[in-house]
file target.pdb (PDB, C-alpha atoms and all ligand atoms)
ATOM      1  CA  MET A 194     -21.149-131.720  85.010  1.00  0.00           C
ATOM      2  CA  THR A 195     -21.688-131.795  88.755  1.00  0.00           C
ATOM      3  CA  SER A 196     -18.214-133.221  89.310  1.00  0.00           C
ATOM      4  CA  GLU A 197     -15.641-131.981  91.792  1.00  0.00           C
ATOM      5  CA  ARG A 198     -13.793-130.237  88.971  1.00  0.00           C
ATOM      6  CA  THR A 199     -16.854-128.316  87.790  1.00  0.00           C
ATOM      7  CA  ARG A 200     -17.531-127.148  91.335  1.00  0.00           C
ATOM      8  CA  GLU A 201     -13.900-126.261  91.863  1.00  0.00           C
ATOM      9  CA  ARG A 202     -13.980-124.071  88.745  1.00  0.00           C
ATOM     10  CA  MET A 203     -16.924-122.175  90.230  1.00  0.00           C
ATOM     11  CA  ILE A 204     -14.932-121.560  93.430  1.00  0.00           C
ATOM     12  CA  GLN A 205     -11.936-120.324  91.441  1.00  0.00           C
ATOM     13  CA  ARG A 206     -14.229-117.920  89.559  1.00  0.00           C
ATOM     14  CA  LEU A 207     -15.625-116.609  92.839  1.00  0.00           C
ATOM     15  CA  ILE A 208     -12.071-115.935  94.037  1.00  0.00           C
ATOM     16  CA  ASP A 209     -11.276-114.180  90.734  1.00  0.00           C
ATOM     17  CA  GLN A 210     -14.420-112.063  91.193  1.00  0.00           C
ATOM     18  CA  GLY A 211     -13.201-110.920  94.595  1.00  0.00           C
ATOM     19  CA  ILE A 212     -14.849-113.228  97.140  1.00  0.00           C
ATOM     20  CA  VAL A 213     -12.282-113.493  99.940  1.00  0.00           C
ATOM     21  CA  ASN A 214     -14.065-115.016 102.933  1.00  0.00           C
ATOM     22  CA  VAL A 215     -12.770-118.554 103.371  1.00  0.00           C
ATOM     23  CA  GLN A 216     -15.859-119.777 105.232  1.00  0.00           C
ATOM     24  CA  VAL A 217     -18.099-118.538 102.434  1.00  0.00           C
ATOM     25  CA  LEU A 218     -15.931-120.155  99.749  1.00  0.00           C
ATOM     26  CA  GLU A 219     -15.957-123.445 101.657  1.00  0.00           C
ATOM     27  CA  ARG A 220     -19.747-123.322 102.051  1.00  0.00           C
ATOM     28  CA  MET A 221     -20.183-122.592  98.318  1.00  0.00           C
ATOM     29  CA  ARG A 222     -17.934-125.573  97.606  1.00  0.00           C
ATOM     30  CA  GLN A 223     -20.022-127.878  99.805  1.00  0.00           C
ATOM     31  CA  THR A 224     -23.485-126.775  98.686  1.00  0.00           C
ATOM     32  CA  PRO A 225     -24.955-128.951  95.893  1.00  0.00           C
ATOM     33  CA  ARG A 226     -26.273-126.169  93.639  1.00  0.00           C
ATOM     34  CA  HIS A 227     -27.499-128.707  91.049  1.00  0.00           C
ATOM     35  CA  LEU A 228     -30.128-129.964  93.527  1.00  0.00           C
ATOM     36  CA  PHE A 229     -31.842-126.543  93.404  1.00  0.00           C
ATOM     37  CA  LEU A 230     -32.672-126.769  89.706  1.00  0.00           C
ATOM     38  CA  ASP A 231     -35.000-128.919  87.644  1.00  0.00           C
ATOM     39  CA  GLU A 232     -33.240-131.925  86.162  1.00  0.00           C
ATOM     40  CA  ALA A 233     -33.128-130.485  82.646  1.00  0.00           C
ATOM     41  CA  LEU A 234     -31.012-127.544  83.870  1.00  0.00           C
ATOM     42  CA  ALA A 235     -28.955-129.278  86.562  1.00  0.00           C
ATOM     43  CA  HIS A 236     -25.975-129.688  84.229  1.00  0.00           C
ATOM     44  CA  ARG A 237     -25.654-125.883  84.093  1.00  0.00           C
ATOM     45  CA  ALA A 238     -25.776-125.412  87.860  1.00  0.00           C
ATOM     46  CA  TYR A 239     -22.134-124.397  88.325  1.00  0.00           C
ATOM     47  CA  GLU A 240     -22.087-121.857  85.496  1.00  0.00           C
ATOM     48  CA  ASP A 241     -21.579-118.223  86.415  1.00  0.00           C
ATOM     49  CA  THR A 242     -25.154-117.236  85.776  1.00  0.00           C
ATOM     50  CA  ALA A 243     -28.659-116.945  87.154  1.00  0.00           C
ATOM     51  CA  LEU A 244     -30.876-119.830  85.959  1.00  0.00           C
ATOM     52  CA  PRO A 245     -34.661-120.162  85.604  1.00  0.00           C
ATOM     53  CA  ILE A 246     -36.599-121.932  88.384  1.00  0.00           C
ATOM     54  CA  GLY A 247     -40.087-121.380  86.906  1.00  0.00           C
ATOM     55  CA  HIS A 248     -42.797-118.754  87.519  1.00  0.00           C
ATOM     56  CA  GLY A 249     -40.524-116.158  85.881  1.00  0.00           C
ATOM     57  CA  GLN A 250     -38.040-116.398  88.753  1.00  0.00           C
ATOM     58  CA  THR A 251     -34.351-117.288  88.860  1.00  0.00           C
ATOM     59  CA  LEU A 252     -31.801-119.062  90.995  1.00  0.00           C
ATOM     60  CA  SER A 253     -29.357-116.276  91.846  1.00  0.00           C
ATOM     61  CA  GLN A 254     -25.917-116.236  90.239  1.00  0.00           C
ATOM     62  CA  PRO A 255     -23.251-117.912  92.459  1.00  0.00           C
ATOM     63  CA  TYR A 256     -21.300-114.651  92.761  1.00  0.00           C
ATOM     64  CA  ILE A 257     -24.218-112.705  94.234  1.00  0.00           C
ATOM     65  CA  VAL A 258     -25.114-115.457  96.717  1.00  0.00           C
ATOM     66  CA  ALA A 259     -21.489-115.603  97.865  1.00  0.00           C
ATOM     67  CA  ARG A 260     -21.231-111.811  97.974  1.00  0.00           C
ATOM     68  CA  MET A 261     -24.397-111.301 100.046  1.00  0.00           C
ATOM     69  CA  THR A 262     -23.325-114.021 102.468  1.00  0.00           C
ATOM     70  CA  GLU A 263     -19.859-112.509 102.723  1.00  0.00           C
ATOM     71  CA  ILE A 264     -21.204-108.994 103.380  1.00  0.00           C
ATOM     72  CA  LEU A 265     -23.370-110.422 106.141  1.00  0.00           C
ATOM     73  CA  LEU A 266     -20.534-112.368 107.800  1.00  0.00           C
ATOM     74  CA  MET A 267     -18.101-109.472 107.518  1.00  0.00           C
ATOM     75  CA  SER A 268     -20.615-106.930 108.860  1.00  0.00           C
ATOM     76  CA  GLY A 269     -19.877-108.314 112.312  1.00  0.00           C
ATOM     77  CA  ALA A 270     -23.612-108.583 113.014  1.00  0.00           C
ATOM     78  CA  ASN A 271     -24.652-111.260 115.478  1.00  0.00           C
ATOM     79  CA  LEU A 272     -26.457-113.857 113.364  1.00  0.00           C
ATOM     80  CA  ASP A 273     -28.872-115.338 115.898  1.00  0.00           C
ATOM     81  CA  ARG A 274     -32.009-114.374 113.988  1.00  0.00           C
ATOM     82  CA  VAL A 275     -31.935-113.719 110.273  1.00  0.00           C
ATOM     83  CA  LEU A 276     -34.772-113.064 107.828  1.00  0.00           C
ATOM     84  CA  GLU A 277     -34.499-113.785 104.109  1.00  0.00           C
ATOM     85  CA  ILE A 278     -36.976-112.333 101.606  1.00  0.00           C
ATOM     86  CA  GLY A 279     -37.417-114.452  98.462  1.00  0.00           C
ATOM     87  CA  THR A 280     -36.680-118.109  99.271  1.00  0.00           C
ATOM     88  CA  GLY A 281     -36.914-119.004  95.569  1.00  0.00           C
ATOM     89  CA  SER A 282     -35.173-122.338  95.058  1.00  0.00           C
ATOM     90  CA  GLY A 283     -33.842-122.324  98.621  1.00  0.00           C
ATOM     91  CA  TYR A 284     -30.209-122.169  97.448  1.00  0.00           C
ATOM     92  CA  GLN A 285     -29.262-118.939  99.245  1.00  0.00           C
ATOM     93  CA  THR A 286     -31.161-120.238 102.289  1.00  0.00           C
ATOM     94  CA  CYS A 287     -29.055-123.394 102.220  1.00  0.00           C
ATOM     95  CA  VAL A 288     -25.771-121.492 101.841  1.00  0.00           C
ATOM     96  CA  LEU A 289     -26.657-119.178 104.722  1.00  0.00           C
ATOM     97  CA  ALA A 290     -28.171-121.683 107.184  1.00  0.00           C
ATOM     98  CA  PRO A 291     -24.993-122.962 108.911  1.00  0.00           C
ATOM     99  CA  PHE A 292     -23.863-119.405 109.735  1.00  0.00           C
ATOM    100  CA  VAL A 293     -27.131-118.544 111.460  1.00  0.00           C
ATOM    101  CA  LYS A 294     -28.920-119.796 114.576  1.00  0.00           C
ATOM    102  CA  SER A 295     -32.517-119.319 113.380  1.00  0.00           C
ATOM    103  CA  LEU A 296     -33.195-118.507 109.748  1.00  0.00           C
ATOM    104  CA  PHE A 297     -36.632-117.294 108.620  1.00  0.00           C
ATOM    105  CA  SER A 298     -37.425-117.083 104.931  1.00  0.00           C
ATOM    106  CA  ALA A 299     -40.474-115.643 103.160  1.00  0.00           C
ATOM    107  CA  GLU A 300     -41.540-116.461  99.579  1.00  0.00           C
ATOM    108  CA  ARG A 301     -44.673-115.248  97.747  1.00  0.00           C
ATOM    109  CA  ILE A 302     -45.016-118.138  95.232  1.00  0.00           C
ATOM    110  CA  ARG A 303     -46.272-121.328  96.839  1.00  0.00           C
ATOM    111  CA  PRO A 304     -44.952-123.926  94.341  1.00  0.00           C
ATOM    112  CA  LEU A 305     -41.421-122.499  94.678  1.00  0.00           C
ATOM    113  CA  GLN A 306     -41.705-122.531  98.445  1.00  0.00           C
ATOM    114  CA  GLU A 307     -42.838-126.156  98.449  1.00  0.00           C
ATOM    115  CA  LYS A 308     -39.912-127.275  96.313  1.00  0.00           C
ATOM    116  CA  ALA A 309     -37.503-125.315  98.491  1.00  0.00           C
ATOM    117  CA  ARG A 310     -38.967-126.929 101.591  1.00  0.00           C
ATOM    118  CA  SER A 311     -38.441-130.437 100.282  1.00  0.00           C
ATOM    119  CA  ARG A 312     -34.860-129.684  99.198  1.00  0.00           C
ATOM    120  CA  LEU A 313     -33.955-128.217 102.578  1.00  0.00           C
ATOM    121  CA  ARG A 314     -35.460-131.267 104.265  1.00  0.00           C
ATOM    122  CA  GLN A 315     -33.527-133.577 101.969  1.00  0.00           C
ATOM    123  CA  LEU A 316     -30.318-131.748 102.906  1.00  0.00           C
ATOM    124  CA  ALA A 317     -31.160-132.014 106.634  1.00  0.00           C
ATOM    125  CA  ILE A 318     -31.206-128.229 107.150  1.00  0.00           C
ATOM    126  CA  ARG A 319     -33.227-127.867 110.320  1.00  0.00           C
ATOM    127  CA  ASN A 320     -32.812-124.281 111.536  1.00  0.00           C
ATOM    128  CA  VAL A 321     -34.971-122.711 108.808  1.00  0.00           C
ATOM    129  CA  GLN A 322     -38.643-121.705 108.991  1.00  0.00           C
ATOM    130  CA  LEU A 323     -40.457-120.864 105.748  1.00  0.00           C
ATOM    131  CA  LYS A 324     -43.480-118.647 105.287  1.00  0.00           C
ATOM    132  CA  LEU A 325     -45.740-118.019 102.290  1.00  0.00           C
ATOM    133  CA  ALA A 326     -46.053-114.246 102.406  1.00  0.00           C
ATOM    134  CA  ASP A 327     -45.349-110.931 100.742  1.00  0.00           C
ATOM    135  CA  GLY A 328     -41.994-110.236 102.342  1.00  0.00           C
ATOM    136  CA  THR A 329     -42.336-106.492 101.710  1.00  0.00           C
ATOM    137  CA  PHE A 330     -43.823-106.436 105.194  1.00  0.00           C
ATOM    138  CA  GLY A 331     -41.146-108.672 106.706  1.00  0.00           C
ATOM    139  CA  TRP A 332     -42.249-111.290 109.232  1.00  0.00           C
ATOM    140  CA  PRO A 333     -42.972-109.157 112.304  1.00  0.00           C
ATOM    141  CA  GLU A 334     -44.049-112.037 114.586  1.00  0.00           C
ATOM    142  CA  LYS A 335     -40.573-113.577 114.476  1.00  0.00           C
ATOM    143  CA  GLY A 336     -38.544-110.358 114.626  1.00  0.00           C
ATOM    144  CA  PRO A 337     -36.608-108.330 115.444  1.00  0.00           C
ATOM    145  CA  TYR A 338     -33.788-109.667 113.286  1.00  0.00           C
ATOM    146  CA  ASN A 339     -30.046-109.235 113.563  1.00  0.00           C
ATOM    147  CA  ALA A 340     -29.958-109.317 109.787  1.00  0.00           C
ATOM    148  CA  ILE A 341     -32.366-109.214 106.862  1.00  0.00           C
ATOM    149  CA  LEU A 342     -31.364-110.182 103.341  1.00  0.00           C
ATOM    150  CA  SER A 343     -33.563-109.624 100.301  1.00  0.00           C
ATOM    151  CA  ALA A 344     -33.206-111.547  97.032  1.00  0.00           C
ATOM    152  CA  ALA A 345     -35.737-109.315  95.261  1.00  0.00           C
ATOM    153  CA  ALA A 346     -35.498-105.598  94.486  1.00  0.00           C
ATOM    154  CA  PRO A 347     -38.034-102.935  95.558  1.00  0.00           C
ATOM    155  CA  ASN A 348     -37.917 -99.404  94.131  1.00  0.00           C
ATOM    156  CA  LYS A 349     -37.616 -98.061  97.632  1.00  0.00           C
ATOM    157  CA  ILE A 350     -36.510 -99.779 100.842  1.00  0.00           C
ATOM    158  CA  PRO A 351     -39.656-100.957 102.681  1.00  0.00           C
ATOM    159  CA  TYR A 352     -40.047 -99.156 105.995  1.00  0.00           C
ATOM    160  CA  GLU A 353     -41.253-102.371 107.675  1.00  0.00           C
ATOM    161  CA  LEU A 354     -37.953-104.124 106.985  1.00  0.00           C
ATOM    162  CA  LYS A 355     -35.944-101.363 108.643  1.00  0.00           C
ATOM    163  CA  GLN A 356     -38.343-101.406 111.581  1.00  0.00           C
ATOM    164  CA  GLN A 357     -37.793-105.142 112.079  1.00  0.00           C
ATOM    165  CA  LEU A 358     -34.028-104.751 112.527  1.00  0.00           C
ATOM    166  CA  ALA A 359     -32.682-105.419 116.031  1.00  0.00           C
ATOM    167  CA  PRO A 360     -30.200-102.912 117.529  1.00  0.00           C
ATOM    168  CA  ASP A 361     -27.131-102.759 115.241  1.00  0.00           C
ATOM    169  CA  GLY A 362     -29.018-105.007 112.802  1.00  0.00           C
ATOM    170  CA  VAL A 363     -28.055-105.107 109.120  1.00  0.00           C
ATOM    171  CA  LEU A 364     -30.333-105.128 106.061  1.00  0.00           C
ATOM    172  CA  ILE A 365     -28.858-106.058 102.692  1.00  0.00           C
ATOM    173  CA  ILE A 366     -31.179-105.316  99.792  1.00  0.00           C
ATOM    174  CA  PRO A 367     -31.031-104.571  96.061  1.00  0.00           C
ATOM    175  CA  VAL A 368     -32.865-101.323  95.278  1.00  0.00           C
ATOM    176  CA  GLY A 369     -34.056 -99.905  91.960  1.00  0.00           C
ATOM    177  CA  ASP A 370     -35.779-100.773  88.736  1.00  0.00           C
ATOM    178  CA  VAL A 371     -33.563-100.967  85.649  1.00  0.00           C
ATOM    179  CA  ASP A 372     -30.473 -99.666  87.425  1.00  0.00           C
ATOM    180  CA  GLN A 373     -30.211-101.456  90.725  1.00  0.00           C
ATOM    181  CA  THR A 374     -27.752-101.014  93.562  1.00  0.00           C
ATOM    182  CA  LEU A 375     -27.060-103.390  96.425  1.00  0.00           C
ATOM    183  CA  VAL A 376     -27.573-101.347  99.589  1.00  0.00           C
ATOM    184  CA  LYS A 377     -26.516-102.064 103.157  1.00  0.00           C
ATOM    185  CA  VAL A 378     -28.617-100.477 105.898  1.00  0.00           C
ATOM    186  CA  VAL A 379     -27.431-100.591 109.518  1.00  0.00           C
ATOM    187  CA  ARG A 380     -29.574 -99.622 112.494  1.00  0.00           C
ATOM    188  CA  ILE A 381     -27.499 -97.334 114.706  1.00  0.00           C
ATOM    189  CA  GLY A 382     -27.596 -99.014 118.138  1.00  0.00           C
ATOM    190  CA  ASP A 383     -31.182 -99.167 119.383  1.00  0.00           C
ATOM    191  CA  SER A 384     -32.093 -95.834 117.810  1.00  0.00           C
ATOM    192  CA  ASP A 385     -34.490 -95.133 114.971  1.00  0.00           C
ATOM    193  CA  GLU A 386     -31.597 -93.981 112.845  1.00  0.00           C
ATOM    194  CA  PHE A 387     -30.097 -95.934 109.994  1.00  0.00           C
ATOM    195  CA  GLU A 388     -26.892 -95.688 108.051  1.00  0.00           C
ATOM    196  CA  GLU A 389     -27.086 -96.575 104.351  1.00  0.00           C
ATOM    197  CA  THR A 390     -24.149 -97.611 102.183  1.00  0.00           C
ATOM    198  CA  ASN A 391     -24.285 -98.371  98.449  1.00  0.00           C
ATOM    199  CA  ILE A 392     -22.267-101.488  97.735  1.00  0.00           C
ATOM    200  CA  GLU A 393     -22.321-102.281  94.015  1.00  0.00           C
ATOM    201  CA  PRO A 394     -24.557-102.421  90.928  1.00  0.00           C
ATOM    202  CA  VAL A 395     -26.627-105.614  90.741  1.00  0.00           C
ATOM    203  CA  LYS A 396     -29.460-107.253  88.770  1.00  0.00           C
ATOM    204  CA  PHE A 397     -32.247-108.916  90.763  1.00  0.00           C
ATOM    205  CA  VAL A 398     -35.860-109.842  90.013  1.00  0.00           C
ATOM    206  CA  PRO A 399     -38.368-107.259  91.320  1.00  0.00           C
ATOM    207  CA  LEU A 400     -39.953-107.453  94.774  1.00  0.00           C
ATOM    208  CA  LEU A 401     -43.608-108.011  93.893  1.00  0.00           C
ATOM    209  CA  ALA A 402     -46.787-107.573  95.907  1.00  0.00           C
ATOM    210  CA  GLY A 403     -49.172-110.291  97.046  1.00  0.00           C
ATOM    211  CA  VAL A 404     -49.052-114.068  97.253  1.00  0.00           C
ATOM    212  CA  VAL A 405     -49.418-116.680  94.458  1.00  0.00           C
ATOM    213  CA  ARG A 406     -51.047-119.933  95.668  1.00  0.00           C
TER     214      ARG A 406
HETATM  215  N1  LIG A 501     -32.096-116.704  96.534  1.00  0.00           N
HETATM  216  C1  LIG A 501     -33.075-117.255  95.647  1.00  0.00           C
HETATM  217  C2  LIG A 501     -33.479-116.163  94.692  1.00  0.00           C
HETATM  218  C3  LIG A 501     -34.769-116.370  94.037  1.00  0.00           C
HETATM  219  S1  LIG A 501     -35.253-115.011  93.034  1.00  0.00           S
HETATM  220  C4  LIG A 501     -32.468-118.415  94.923  1.00  0.00           C
HETATM  221  O1  LIG A 501     -31.234-118.446  94.832  1.00  0.00           O
HETATM  222  O2  LIG A 501     -33.166-119.283  94.432  1.00  0.00           O
HETATM  223  C5  LIG A 501     -36.132-114.021  94.183  1.00  0.00           C
HETATM  224  C6  LIG A 501     -37.351-114.627  94.805  1.00  0.00           C
HETATM  225  O3  LIG A 501     -38.030-113.584  95.487  1.00  0.00           O
HETATM  226  C7  LIG A 501     -38.363-115.224  93.825  1.00  0.00           C
HETATM  227  O4  LIG A 501     -38.606-116.554  94.170  1.00  0.00           O
HETATM  228  C8  LIG A 501     -39.610-114.359  94.012  1.00  0.00           C
HETATM  229  O5  LIG A 501     -40.821-115.073  93.896  1.00  0.00           O
HETATM  230  C9  LIG A 501     -39.401-113.853  95.429  1.00  0.00           C
HETATM  231  N2  LIG A 501     -40.139-112.628  95.741  1.00  0.00           N
HETATM  232  C10 LIG A 501     -40.365-111.540  94.960  1.00  0.00           C
HETATM  233  N3  LIG A 501     -41.095-110.631  95.616  1.00  0.00           N
HETATM  234  C11 LIG A 501     -41.340-111.148  96.850  1.00  0.00           C
HETATM  235  C12 LIG A 501     -42.052-110.689  97.992  1.00  0.00           C
HETATM  236  N4  LIG A 501     -42.681-109.507  98.007  1.00  0.00           N
HETATM  237  N5  LIG A 501     -42.104-111.493  99.076  1.00  0.00           N
HETATM  238  C13 LIG A 501     -41.493-112.701  99.090  1.00  0.00           C
HETATM  239  N6  LIG A 501     -40.795-113.191  98.043  1.00  0.00           N
HETATM  240  C14 LIG A 501     -40.725-112.426  96.930  1.00  0.00           C
END

call {"tool": "encode", "arguments": {"input": "target.pdb", "output": "structure tokens"}}
result
Amino acid sequence: MTSERTRERMIQRLIDQGIVNVQVLERMRQTPRHLFLDEALAHRAYEDTALPIGHGQTLSQPYIVARMTEILLMSGANLDRVLEIGTGSGYQTCVLAPFVKSLFSAERIRPLQEKARSRLRQLAIRNVQLKLADGTFGWPEKGPYNAILSAAAPNKIPYELKQQLAPDGVLIIPVGDVDQTLVKVVRIGDSDEFEETNIEPVKFVPLLAGVVR
């Protein structure tokens, strides 16, 4: 089930769903998604669906991981410093890492973070720093960031995340409760003004408060 053909079918589906960036498609092809799941679910890794990773959380659907990565690459933002909120399994982190110089990723549930850390180590991904924290407040010590990407949805875009954007920085974040929209926020130059664009309807887990140890 983790064969070349199964993976290739996932790539073909991504193309059918409108993913056009060749670098993103190639990275999705190379990334061993089955390693980000528990063994009992690994055979379903290349299906077009979100899958449980424990603690009520999910490994994001391949399409949305590809789409968020594509939006980031096509935004033209410099990708020296990028912050991810919601490490989860570490899959999106792994897909994103080669496109970024320094990747910072915050997760609020310690056991998920620990598993993600060991997977990223196993895959020799070395430009990622992980933090156990409520990412609602970003990671101010390491900012500002050229881009911030959230894998969990708040009801309202946290002010702190916008504040931690570098000049021309881009924030990609799902917003809403039952009806969610993927939103792109761009800081206008070095000003305190931001341009917001709604991208498409999405379904993410909620951005929750506090840390689980
Ligand atoms: N990209 C991840 C998605 C995991 S789901 C993957 O593909 O595996 C989203 C993750 O966001 C969950 O692990 C959840 O625990 C985490 N999360 C939710 N609210 C958070 C917050 N306030 N700070 C940090 N992480 C949060």

call {"tool": "closest_residue", "arguments": {"input": "target.pdb", "among": "A:Pro255, A:Pro367, A:Gly403, A:Pro304", "to": "Pro347 of chain A", "atoms": "only C-alpha atoms"}}
result
A:Pro367

call {"tool": "residues_near_ligand", "arguments": {"input": "target.pdb", "ligand": "ligand LIG 501 (chain A)", "cutoff": "7 Å", "atoms": "all atoms listed in the file", "output": "ChimeraX atom specification"}}
result
/A:250-253,278-286,299-302,305,326-329,344-345,398-403

call {"tool": "residues_around", "arguments": {"input": "target.pdb", "residues": "segment 338-343 of chain A", "least_positions_apart": "4", "cutoff": "6 Å", "atoms": "only C-alpha atoms", "output": "list of chain:residue names"}}
result
A:Leu272, A:Arg274, A:Val275, A:Leu276, A:Glu277, A:Ile278, A:Leu358, A:Ala359, A:Gly362, A:Val363, A:Leu364, A:Ile365, A:Ile366

call {"tool": "resolve_selection", "arguments": {"input": "target.pdb", "expression": "the PyMOL selection byres (((chain A and resi 386) around 12) and not hetatm)", "output": "number ranges by chain"}}
result
A: 355-356, 358-362, 378-385, 387-389

call {"tool": "closest_residue", "arguments": {"input": "target.pdb", "among": "A:Leu316, A:Leu265, A:Leu244, A:Met203", "to": "Cys287 of chain A", "atoms": "all atoms listed in the file"}}
result
A:Leu316

call {"tool": "atom_distance", "arguments": {"input": "target.pdb", "atom1": "atom CA of Val404 of chain A", "atom2": "atom CA of Leu325 of chain A"}}
result
7.2 Å

call {"tool": "atom_distance", "arguments": {"input": "target.pdb", "atom1": "atom CA of Met267 of chain A", "atom2": "atom CA of Asn348 of chain A"}}
result
25.9 Å

call {"tool": "atom_distance", "arguments": {"input": "target.pdb", "atom1": "atom CA of Ile257 of chain A", "atom2": "atom CA of Gly336 of chain A"}}
result
25.0 Å

call {"tool": "resolve_selection", "arguments": {"input": "target.pdb", "expression": "the PyMOL selection byres (((chain A and resi 393-396) around 8) and not hetatm)", "output": "MDAnalysis selection string"}}
result
chainID A and resid 367 372:376 391:392 397:398

call {"tool": "residues_around", "arguments": {"input": "target.pdb", "residues": "segment 213-223 of chain A", "least_positions_apart": "4", "cutoff": "9 Å", "atoms": "all atoms listed in the file", "output": "VMD selection string"}}
result
chain A and resid 197 200 to 201 203 to 204 207 to 208 255 258 to 260 262 to 263 266 to 267 288 to 289 291

call {"tool": "closest_residue", "arguments": {"input": "target.pdb", "among": "A:Glu334, A:Asp370, A:Glu353, A:Glu232", "to": "Pro245 of chain A", "atoms": "all atoms listed in the file"}}
result
A:Glu232

call {"tool": "closest_residue", "arguments": {"input": "target.pdb", "among": "A:Arg206, A:Asn271, A:Ser196, A:Pro351", "to": "Ala235 of chain A", "atoms": "all atoms listed in the file"}}
result
A:Ser196

call {"tool": "closest_residue", "arguments": {"input": "target.pdb", "among": "A:Arg314, A:Phe297, A:Asp241, A:Thr390", "to": "Gly331 of chain A", "atoms": "all atoms listed in the file"}}
result
A:Phe297

call {"tool": "axis_aligned_box", "arguments": {"input": "target.pdb", "around": "segment 257-265 of chain A", "padding_each_side": "5 Å", "output": "AutoDock Vina command-line options"}}
result
--center_x -22.5 --center_y -112.3 --center_z 100.2 --size_x 15.3 --size_y 16.6 --size_z 21.9

call {"tool": "closest_residue", "arguments": {"input": "target.pdb", "among": "A:Lys349, A:Lys324, A:Arg198, A:Lys308", "to": "Asp231 of chain A", "atoms": "all atoms listed in the file"}}
result
A:Lys308

call {"tool": "resolve_selection", "arguments": {"input": "target.pdb", "expression": "the PyMOL selection byres (((chain A and resi 320) around 8) and not hetatm)", "output": "ChimeraX atom specification"}}
result
/A:290,294-296,318-319,321-322

call {"tool": "decode", "arguments": {"input": "target.pdb", "residues": "segment 283-295 of chain A", "atoms": "N, CA, C and O atoms", "output": "PDB file, in the first residue's frame"}}
result
ATOM      1  N   GLY A 283       3.938  16.149  12.084  1.00  0.00           N
ATOM      2  CA  GLY A 283       5.196  16.608  11.482  1.00  0.00           C
ATOM      3  C   GLY A 283       5.205  16.466   9.964  1.00  0.00           C
ATOM      4  O   GLY A 283       6.197  16.799   9.309  1.00  0.00           O
ATOM      5  N   TYR A 284       4.098  15.999   9.386  1.00  0.00           N
ATOM      6  CA  TYR A 284       4.074  15.766   7.928  1.00  0.00           C
ATOM      7  C   TYR A 284       4.197  17.069   7.125  1.00  0.00           C
ATOM      8  O   TYR A 284       5.046  17.196   6.241  1.00  0.00           O
ATOM      9  N   GLN A 285       3.346  18.064   7.473  1.00  0.00           N
ATOM     10  CA  GLN A 285       3.449  19.344   6.761  1.00  0.00           C
ATOM     11  C   GLN A 285       4.835  19.966   6.975  1.00  0.00           C
ATOM     12  O   GLN A 285       5.417  20.537   6.048  1.00  0.00           O
ATOM     13  N   THR A 286       5.352  19.828   8.180  1.00  0.00           N
ATOM     14  CA  THR A 286       6.694  20.334   8.505  1.00  0.00           C
ATOM     15  C   THR A 286       7.713  19.726   7.543  1.00  0.00           C
ATOM     16  O   THR A 286       8.574  20.416   6.998  1.00  0.00           O
ATOM     17  N   CYS A 287       7.603  18.414   7.357  1.00  0.00           N
ATOM     18  CA  CYS A 287       8.539  17.682   6.514  1.00  0.00           C
ATOM     19  C   CYS A 287       8.413  18.099   5.045  1.00  0.00           C
ATOM     20  O   CYS A 287       9.418  18.280   4.351  1.00  0.00           O
ATOM     21  N   VAL A 288       7.180  18.301   4.588  1.00  0.00           N
ATOM     22  CA  VAL A 288       6.965  18.722   3.199  1.00  0.00           C
ATOM     23  C   VAL A 288       7.573  20.109   2.975  1.00  0.00           C
ATOM     24  O   VAL A 288       8.222  20.381   1.971  1.00  0.00           O
ATOM     25  N   LEU A 289       7.401  20.974   3.952  1.00  0.00           N
ATOM     26  CA  LEU A 289       7.810  22.373   3.823  1.00  0.00           C
ATOM     27  C   LEU A 289       9.321  22.589   3.980  1.00  0.00           C
ATOM     28  O   LEU A 289       9.896  23.482   3.354  1.00  0.00           O
ATOM     29  N   ALA A 290       9.962  21.771   4.808  1.00  0.00           N
ATOM     30  CA  ALA A 290      11.338  22.034   5.260  1.00  0.00           C
ATOM     31  C   ALA A 290      12.335  22.353   4.129  1.00  0.00           C
ATOM     32  O   ALA A 290      13.101  23.311   4.252  1.00  0.00           O
ATOM     33  N   PRO A 291      12.372  21.610   3.032  1.00  0.00           N
ATOM     34  CA  PRO A 291      13.392  21.893   2.023  1.00  0.00           C
ATOM     35  C   PRO A 291      13.216  23.224   1.291  1.00  0.00           C
ATOM     36  O   PRO A 291      14.149  23.689   0.638  1.00  0.00           O
ATOM     37  N   PHE A 292      12.041  23.840   1.413  1.00  0.00           N
ATOM     38  CA  PHE A 292      11.795  25.113   0.724  1.00  0.00           C
ATOM     39  C   PHE A 292      12.181  26.315   1.590  1.00  0.00           C
ATOM     40  O   PHE A 292      12.093  27.462   1.156  1.00  0.00           O
ATOM     41  N   VAL A 293      12.552  26.022   2.839  1.00  0.00           N
ATOM     42  CA  VAL A 293      12.708  27.069   3.845  1.00  0.00           C
ATOM     43  C   VAL A 293      14.113  27.002   4.439  1.00  0.00           C
ATOM     44  O   VAL A 293      14.683  25.928   4.540  1.00  0.00           O
ATOM     45  N   LYS A 294      14.665  28.151   4.834  1.00  0.00           N
ATOM     46  CA  LYS A 294      15.978  28.132   5.474  1.00  0.00           C
ATOM     47  C   LYS A 294      15.839  27.671   6.921  1.00  0.00           C
ATOM     48  O   LYS A 294      16.405  26.660   7.303  1.00  0.00           O
ATOM     49  N   SER A 295      15.073  28.400   7.727  1.00  0.00           N
ATOM     50  CA  SER A 295      14.850  28.002   9.122  1.00  0.00           C
ATOM     51  C   SER A 295      13.352  27.882   9.364  1.00  0.00           C
ATOM     52  O   SER A 295      12.613  28.849   9.200  1.00  0.00           O
TER      53      SER A 295
END
